[in-house]
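Below is target_35.cif, which holds mmCIF, C-alpha atoms.
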data_query
#
loop_
_atom_site.label_atom_id
_atom_site.label_comp_id
_atom_site.auth_asym_id
_atom_site.auth_seq_id
_atom_site.Cartn_x
_atom_site.Cartn_y
_atom_site.Cartn_z
CA MET A 1101 94.20 86.23 117.78
CA LYS A 1102 91.88 83.65 116.38
CA THR A 1103 89.01 83.72 113.99
CA ILE A 1104 85.65 84.70 115.39
CA ILE A 1105 83.20 81.91 114.77
CA ILE A 1106 79.54 82.75 115.13
CA PRO A 1107 78.00 79.98 117.29
CA ASN A 1108 75.72 77.51 115.51
CA LYS A 1109 76.57 78.96 112.13
CA PRO A 1110 78.73 77.37 109.46
CA HIS A 1111 81.73 79.43 108.29
CA TYR A 1112 80.24 79.81 104.83
CA THR A 1113 76.62 79.97 103.73
CA ASP A 1114 74.77 80.95 100.59
CA ILE A 1115 71.36 82.33 99.69
CA ILE A 1116 68.92 82.11 96.83
CA LEU A 1117 70.00 84.79 94.39
CA GLN A 1118 68.54 85.20 90.94
CA THR A 1119 68.70 87.56 88.01
CA ARG A 1120 65.65 89.43 86.77
CA ILE A 1121 64.70 86.49 84.58
CA ARG A 1122 65.29 83.97 87.37
CA ASN A 1123 68.64 82.51 86.48
CA ASP A 1124 70.38 81.35 89.65
CA ILE A 1125 73.54 83.16 90.68
CA PRO A 1126 76.07 81.20 92.77
CA ASN A 1127 77.13 83.11 95.87
CA SER A 1128 78.78 82.73 99.27
CA GLN A 1129 78.67 84.47 102.64
CA SER A 1130 81.78 84.29 104.82
CA HIS A 1131 81.30 84.43 108.58
CA GLU A 1132 84.98 84.55 109.45
CA PHE A 1133 86.65 87.70 110.69
CA ASP A 1134 89.18 88.46 113.39
CA SER A 1135 90.76 91.37 115.17
CA TYR A 1136 94.12 90.78 113.48
CA GLU A 1137 92.41 91.24 110.13
CA LYS A 1138 90.80 94.45 111.35
CA ARG A 1139 94.16 95.85 112.45
CA LEU A 1140 95.72 95.05 109.10
CA PHE A 1141 92.90 96.80 107.31
CA LEU A 1142 93.42 99.91 109.37
CA GLU A 1143 97.09 99.95 108.36
CA LEU A 1144 96.14 99.59 104.70
CA GLU A 1145 93.62 102.43 104.97
CA GLY A 1146 96.47 104.83 105.50
CA LYS A 1147 97.68 104.26 101.95
CA PHE A 1148 94.50 105.79 100.50
CA ASP A 1149 94.24 109.20 102.13
CA LYS A 1150 91.70 110.65 99.66
CA ALA A 1151 89.24 107.80 100.11
CA ILE A 1152 86.33 107.75 102.55
CA PHE A 1153 86.07 104.47 104.46
CA ARG A 1154 82.61 103.50 105.66
CA GLU A 1155 82.25 101.45 108.86
CA PRO A 1156 82.23 98.65 109.69
CA PRO A 1157 84.26 95.96 107.87
CA ASN A 1158 82.06 93.08 106.76
CA PRO A 1159 83.10 89.72 105.30
CA ILE A 1160 79.56 88.73 104.24
CA TYR A 1161 79.58 90.52 100.89
CA ASN A 1162 82.24 91.55 98.38
CA CYS A 1163 82.33 94.25 95.73
CA HIS A 1164 80.05 92.36 93.35
CA GLY A 1165 77.69 91.66 96.23
CA LEU A 1166 77.45 95.39 96.88
CA THR A 1167 77.01 96.24 93.21
CA PHE A 1168 74.62 93.49 92.20
CA ALA A 1169 73.18 91.79 95.32
CA SER A 1170 72.20 94.55 97.73
CA ARG A 1171 74.97 93.77 100.23
CA ARG A 1172 73.55 90.34 101.05
CA THR A 1173 76.27 87.98 99.80
CA SER A 1174 79.45 87.61 97.75
CA ILE A 1175 79.52 86.86 94.04
CA THR A 1176 82.86 85.54 92.84
CA ASP A 1177 82.15 83.85 89.53
CA ASN A 1178 82.99 85.75 86.36
CA THR A 1179 80.40 83.90 84.30
CA ALA A 1180 77.71 84.79 86.83
CA LEU A 1181 78.56 88.46 86.39
CA GLN A 1182 78.11 88.20 82.65
CA THR A 1183 74.74 86.51 83.28
CA ILE A 1184 73.66 89.39 85.52
CA LEU A 1185 74.72 92.02 82.98
CA HIS A 1186 72.79 90.23 80.27
CA ASP A 1187 69.67 89.22 82.20
CA ASP A 1188 69.24 92.50 84.07
CA GLY A 1189 69.47 94.62 80.94
CA TYR A 1190 72.79 96.38 81.44
CA GLN A 1191 74.40 98.11 78.49
CA GLU A 1192 77.78 99.77 78.26
CA VAL A 1193 77.95 103.54 78.71
CA ALA A 1194 80.69 105.73 77.24
CA PRO A 1195 82.95 107.32 79.89
CA ALA A 1196 81.84 110.80 78.83
CA ASP A 1197 78.20 109.91 79.48
CA VAL A 1198 78.61 108.39 82.93
CA LEU A 1199 76.07 109.39 85.60
CA PRO A 1200 75.73 108.64 89.30
CA GLY A 1201 74.05 105.27 89.68
CA ASP A 1202 75.92 103.66 86.80
CA VAL A 1203 78.06 100.61 87.50
CA ILE A 1204 81.80 100.35 86.89
CA LEU A 1205 83.57 97.05 86.24
CA TYR A 1206 87.36 96.72 86.51
CA TYR A 1207 88.74 94.08 84.16
CA TYR A 1208 92.07 92.32 84.23
CA GLU A 1209 93.80 91.98 80.87
CA ASP A 1210 92.46 88.42 80.42
CA GLY A 1211 88.83 89.59 80.79
CA ASP A 1212 88.39 88.59 84.42
CA VAL A 1213 86.34 91.10 86.41
CA GLU A 1214 88.57 92.00 89.36
CA HIS A 1215 86.35 94.60 90.95
CA SER A 1216 83.11 96.54 90.62
CA GLY A 1217 81.33 99.48 92.17
CA VAL A 1218 78.57 102.03 91.82
CA VAL A 1219 79.33 105.46 90.39
CA VAL A 1220 78.33 108.23 92.82
CA SER A 1221 79.35 111.38 90.95
CA LYS A 1222 79.72 112.71 87.45
CA PRO A 1223 83.30 112.43 86.16
CA ASP A 1224 85.63 115.12 87.46
CA SER A 1225 85.84 117.93 84.88
CA GLN A 1226 89.64 117.86 84.85
CA LEU A 1227 90.54 114.20 85.31
CA LYS A 1228 87.36 112.81 83.71
CA ILE A 1229 87.16 110.28 86.52
CA PRO A 1230 84.08 109.79 88.75
CA TRP A 1231 83.83 108.90 92.42
CA VAL A 1232 82.78 105.35 93.08
CA LEU A 1233 81.27 103.47 96.04
CA SER A 1234 82.73 99.98 96.20
CA LYS A 1235 83.57 97.20 98.63
CA TRP A 1236 87.22 96.22 98.97
CA GLY A 1237 87.25 92.46 99.40
CA ARG A 1238 86.47 91.48 102.99
CA PHE A 1239 87.11 95.04 104.13
CA LYS A 1240 84.90 98.11 104.20
CA GLU A 1241 82.82 99.98 101.71
CA VAL A 1242 84.90 102.82 100.31
CA VAL A 1243 84.05 106.00 98.42
CA HIS A 1244 87.00 106.75 96.19
CA TYR A 1245 88.15 108.12 92.87
CA ALA A 1246 87.66 105.31 90.37
CA ASN A 1247 91.43 105.07 89.89
CA ASP A 1248 92.39 105.33 93.58
CA CYS A 1249 92.00 101.75 94.81
CA PRO A 1250 93.96 98.48 95.03
CA TYR A 1251 92.57 97.23 91.73
CA GLU A 1252 93.87 97.56 88.18
CA PHE A 1253 92.35 100.59 86.45
CA SER A 1254 93.74 99.96 82.95
CA TYR A 1255 90.68 98.19 81.62
CA PHE A 1256 87.34 99.40 82.91
CA ARG A 1257 83.81 99.80 81.58
CA TYR A 1258 80.70 101.57 82.76
CA TYR A 1259 77.24 100.02 82.54
CA ARG A 1260 73.64 101.15 83.05
CA VAL A 1261 70.36 99.26 83.05
CA THR A 1262 68.71 100.42 79.84
CA LYS A 1263 66.70 97.43 78.67
CA TRP A 1264 63.55 96.38 80.47
CA ASP A 1265 61.77 94.13 78.01
CA MET B 622 114.31 79.28 109.18
CA GLY B 623 110.81 77.83 108.78
CA LEU B 624 108.86 77.77 105.55
CA ILE B 625 106.54 80.56 106.57
CA ASP B 626 109.43 82.79 107.65
CA GLN B 627 110.46 82.94 103.99
CA LEU B 628 107.17 84.50 102.92
CA ASP B 629 106.39 88.21 102.71
CA ILE B 630 103.42 88.04 105.07
CA GLU B 631 102.44 91.68 104.72
CA GLU B 632 102.18 91.43 100.94
CA ILE B 633 100.27 88.15 101.15
CA ASN B 634 97.85 89.59 103.68
CA SER B 635 97.06 92.63 101.56
CA VAL B 636 96.27 90.43 98.56
CA TYR B 637 94.03 88.18 100.68
CA LEU B 638 92.18 91.02 102.36
CA PHE B 639 91.44 92.89 99.14
CA ALA B 640 90.59 89.80 97.07
CA ASN B 641 87.06 89.91 95.70
CA THR B 642 87.39 86.70 93.73
CA PRO B 643 89.49 83.50 93.75
CA LYS B 644 91.04 84.52 90.43
CA TYR B 645 92.27 87.81 91.88
CA LEU B 646 93.76 85.93 94.83
CA TYR B 647 95.41 83.34 92.57
CA ARG B 648 96.85 85.85 90.14
CA HIS B 649 98.21 88.31 92.67
CA LEU B 650 99.69 85.67 94.99
CA GLN B 651 101.49 84.21 91.98
CA HIS B 652 103.09 87.60 91.39
CA ILE B 653 104.62 87.76 94.88
CA LYS B 654 108.33 87.10 94.71
CA SER B 655 108.59 85.31 98.06
CA VAL B 656 105.86 82.87 96.97
CA GLN B 657 107.71 82.17 93.73
CA GLU B 658 110.99 81.69 95.61
CA LEU B 659 109.46 79.33 98.14
CA SER B 660 108.70 76.92 95.30
CA GLN B 661 112.45 76.64 94.75
CA HIS B 662 113.25 75.80 98.36
CA ALA B 663 110.35 73.76 99.71
CA SER B 664 109.34 70.21 98.91
CA LEU B 665 105.73 69.40 98.14
CA GLN B 666 105.52 67.35 101.32
CA ASN B 667 106.80 70.35 103.36
CA LEU B 668 104.02 72.45 101.88
CA VAL B 669 101.35 69.87 102.62
CA ASP B 670 102.55 69.48 106.22
CA GLU B 671 102.63 73.21 106.83
CA TYR B 672 99.22 73.69 105.23
CA ASN B 673 97.65 70.99 107.38
CA LYS B 674 99.15 72.51 110.49
CA ILE B 675 97.96 76.07 109.97
CA THR B 676 94.52 75.26 108.61
CA SER B 677 93.50 73.18 111.59
CA PRO B 678 89.83 74.12 112.05
CA THR B 679 90.24 74.93 115.73
CA THR B 680 93.20 77.24 115.52
CA LYS B 681 93.32 79.07 112.22
CA SER B 682 93.45 82.86 112.15
CA SER B 683 92.93 85.10 109.14
CA GLU B 684 96.70 85.34 108.73
CA ASP B 685 96.90 81.53 108.71
CA ILE B 686 94.27 81.50 105.97
CA ALA B 687 96.20 84.00 103.86
CA ILE B 688 99.41 81.98 104.28
CA ALA B 689 97.59 78.75 103.49
CA TYR B 690 96.49 80.22 100.16
CA ALA B 691 100.08 81.29 99.50
CA LEU B 692 101.25 77.71 100.13
CA LEU B 693 98.68 76.42 97.64
CA ILE B 694 99.84 78.95 95.07
CA THR B 695 103.44 77.85 95.62
CA VAL B 696 102.40 74.42 94.37
CA THR B 697 101.31 75.93 91.06
CA PHE B 698 104.96 76.59 90.16
CA TRP B 699 105.69 72.87 90.01
CA GLU B 700 105.50 70.82 86.83
CA TYR B 701 101.83 70.36 85.99
CA GLN B 702 101.29 66.65 86.68
CA LYS B 703 103.23 66.73 89.95
CA ALA B 704 101.36 69.81 91.11
CA LEU B 705 98.02 68.28 90.21
CA ALA B 706 98.85 65.15 92.19
CA ALA B 707 99.98 67.30 95.12
CA PHE B 708 96.66 69.14 95.25
CA ASP B 709 95.01 65.83 96.18
CA LYS B 710 97.05 65.76 99.39
CA PHE B 711 95.65 69.06 100.64
CA ASP B 712 92.29 69.23 102.39
CA LEU B 713 91.05 72.05 100.16
CA SER B 714 87.68 72.19 101.92
CA ARG B 715 89.37 73.89 104.85
CA LEU B 716 89.55 77.11 102.81
CA GLU B 717 86.59 78.87 101.25
CA TRP B 718 88.38 79.14 97.90
CA GLY B 719 90.59 76.06 98.21
CA ASN B 720 88.83 74.12 95.48
CA ASP B 721 88.64 77.24 93.33
CA VAL B 722 92.43 77.50 93.42
CA LYS B 723 92.72 73.92 92.16
CA HIS B 724 90.10 74.58 89.49
CA ILE B 725 91.90 77.69 88.24
CA PHE B 726 95.16 75.74 88.15
CA LYS B 727 93.53 73.01 86.07
CA THR B 728 91.96 75.46 83.66
CA ASN B 729 95.40 76.98 83.10
CA ALA B 730 96.79 73.57 82.18
CA PRO B 731 99.61 73.60 79.66
CA ILE B 732 98.81 72.62 76.09
CA ASN B 733 100.61 69.36 75.45
CA THR B 734 98.98 68.35 72.23
CA ILE B 735 98.37 70.42 69.13
CA VAL B 736 96.21 68.92 66.44
CA GLY B 737 96.40 70.44 62.99
CA ILE B 738 94.08 69.91 60.07
CA ASP B 739 95.35 69.86 56.52
CA MET B 740 92.49 71.59 54.74
CA LYS B 741 93.73 70.50 51.32
CA ALA B 742 93.62 66.83 52.17
CA ASP B 743 90.86 64.61 50.86
CA ILE B 744 88.39 63.99 53.67
CA PRO B 745 86.83 60.53 53.50
CA PRO B 746 83.03 60.28 53.64
CA ASN B 747 83.16 58.84 57.15
CA GLY B 748 85.15 61.80 58.51
CA LEU B 749 88.68 62.26 59.77
CA LYS B 750 90.53 59.46 61.45
CA VAL B 751 92.46 59.83 64.65
CA SER B 752 96.01 60.93 64.04
CA GLY B 753 98.63 58.30 64.62
CA SER B 754 96.68 55.83 62.53
CA SER B 755 98.69 54.57 59.59
CA THR B 756 95.73 55.23 57.30
CA SER B 757 95.22 58.82 58.35
CA THR B 758 95.60 61.22 55.48
CA ALA B 759 94.02 64.41 56.77
CA SER B 760 95.38 65.12 60.22
CA TYR B 761 98.62 65.16 62.12
CA GLU B 762 99.57 65.50 65.72
CA TYR B 763 102.45 67.27 67.39
CA THR B 764 103.25 66.53 71.02
CA HIS B 765 105.54 68.60 73.16
CA ASN B 766 106.03 67.51 76.75
CA ASN B 767 106.50 69.79 79.73
CA GLN B 768 105.81 72.96 77.78
CA ARG B 769 105.07 74.78 81.02
CA GLY B 770 108.68 74.54 82.15
CA GLY B 771 107.76 74.34 85.83
CA LYS B 772 109.75 72.89 88.71
CA THR B 773 110.18 69.11 88.19
#
Let me see the file written as structure tokens.
Amino acid sequence: MKTIIIPNKPHYTDIILQTRIRNDIPNSQSHEFDSYEKRLFLELEGKFDKAIFREPPNPIYNCHGLTFASRRTSITDNTALQTILHDDGYQEVAPADVLPGDVILYYYEDGDVEHSGVVVSKPDSQLKIPWVLSKWGRFKEVVHYANDCPYEFSYFRYYRVTKWD
Amino acid sequence: MGLIDQLDIEEINSVYLFANTPKYLYRHLQHIKSVQELSQHASLQNLVDEYNKITSPTTKSSEDIAIAYALLITVTFWEYQKALAAFDKFDLSRLEWGNDVKHIFKTNAPINTIVGIDMKADIPPNGLKVSGSSTSTASYEYTHNNQRGGKT
């Protein structure tokens, strides 16, 4: 099973992507995907039985592309994410104040942002954890409990756009 | 047994498929035991040969891509200078994040030189002189080779 190459298209492309104050954001769109990959994903889905997997898989955008670039491309640079948070007016929100529409960032212990998503529910009254819509790498969009995913949930922060001027 | 047979393909695939960023890929592949162990058994030339074979533009599958990243990560367990030289033998442009892997490796370079400043020393009007100079009075240098302790 070989990689599907879209005729007359390079494997990787990028687009013009800017923050609200027109700082450029580096990005990349992958055009590679194969049936083997799809089968593997289906096997991995079984490990997350509470999650809702949205069709279809899509290698063009990643989690940060879903959260910050309207599903058009992948953002992989940590510095670029900090630029977006700053330029677009995001401010941190306390976990108790989280609302649907807020953004969640999953940090690794060294400060690298491993994952992100959009909050789609208020935190559960018992667990204090919201549902999140996020994109799992090259795989599908997934609606899941914020702590029920393949990414480290030890260090996370919520953000909301609060500044506009 | 071939090089690739020694790798835990399922674990490597799951890291590759869920990776949102090159750093995630780098970090989590480094944590895979079979990747660490391969660095003890394979030569750098073996890794280069295998990489070139499976990343051939006309034949590579997504599994090949995942394994190719694992081979690159195996290199990171070598002693720093040898690993850095080895990266030049790989055609990193064949992978979307190939050059990112090298960049992350370089930014995690071991600290070989520590420069300390004696704040009580008299600083001459024209500033501090480079340590090692016989006239230096305000700085000293400590060098420790191979601090990373990688495979040599």
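The gap separating atom CA of Leu646 of chain B from atom CA of Thr676 of chain B is 17.4 Å, in Å to one decimal.
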May I have the residues at most 7 Å from (89.0, 90.4, 104.1) in the file's coordinates, counting all atoms listed in the file, as number ranges by chain?
-> A: 1137, 1159, 1237-1239; B: 637-639
Interatomic distance (Å, one decimal) between atom CA of Gln702 of chain B and atom CA of Phe726 of chain B |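 Atom-to-atom, atom CA of Gln702 of chain B and atom CA of Phe726 of chain B are spaced 11.1 Å apart.
Across A:Lys1263, A:Phe1253, A:Val1193, A:Lys1240, the tightest approach to Leu1142 of chain A is made by A:Lys1240 when counting only C-alpha atoms.
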Test item: chain B residues at most 9 Å from chain A, counting all atoms listed in the file, as a PyMOL selection string = chain B and resi 631+634-635+637-645+679-684+717
Kindly extract all protein, DNA and RNA residues lying within 12 Å of the coordinates (74.5, 94.0, 92.4) given in the file, considering all atoms listed in the file, and supply them as an NGL selection string.
-> :A and (1117-1120 or 1125 or 1127 or 1161-1176 or 1180-1185 or 1188 or 1190 or 1201-1205 or 1215-1218 or 1234-1235 or 1259-1261)
Quick one: pull the distance between atom CA of Ile1152 of chain A and atom CA of Val1242 of chain A, Å, one decimal.
->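 Those two atoms sit 5.6 Å apart.
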If you apply the PyMOL selection byres ((chain B and resi 719) around 12) to this file, what residues do you get, as a ChimeraX atom specification?
-> /B:642-644,646-647,672,676,686-687,689-694,708-709,711-718,720-726
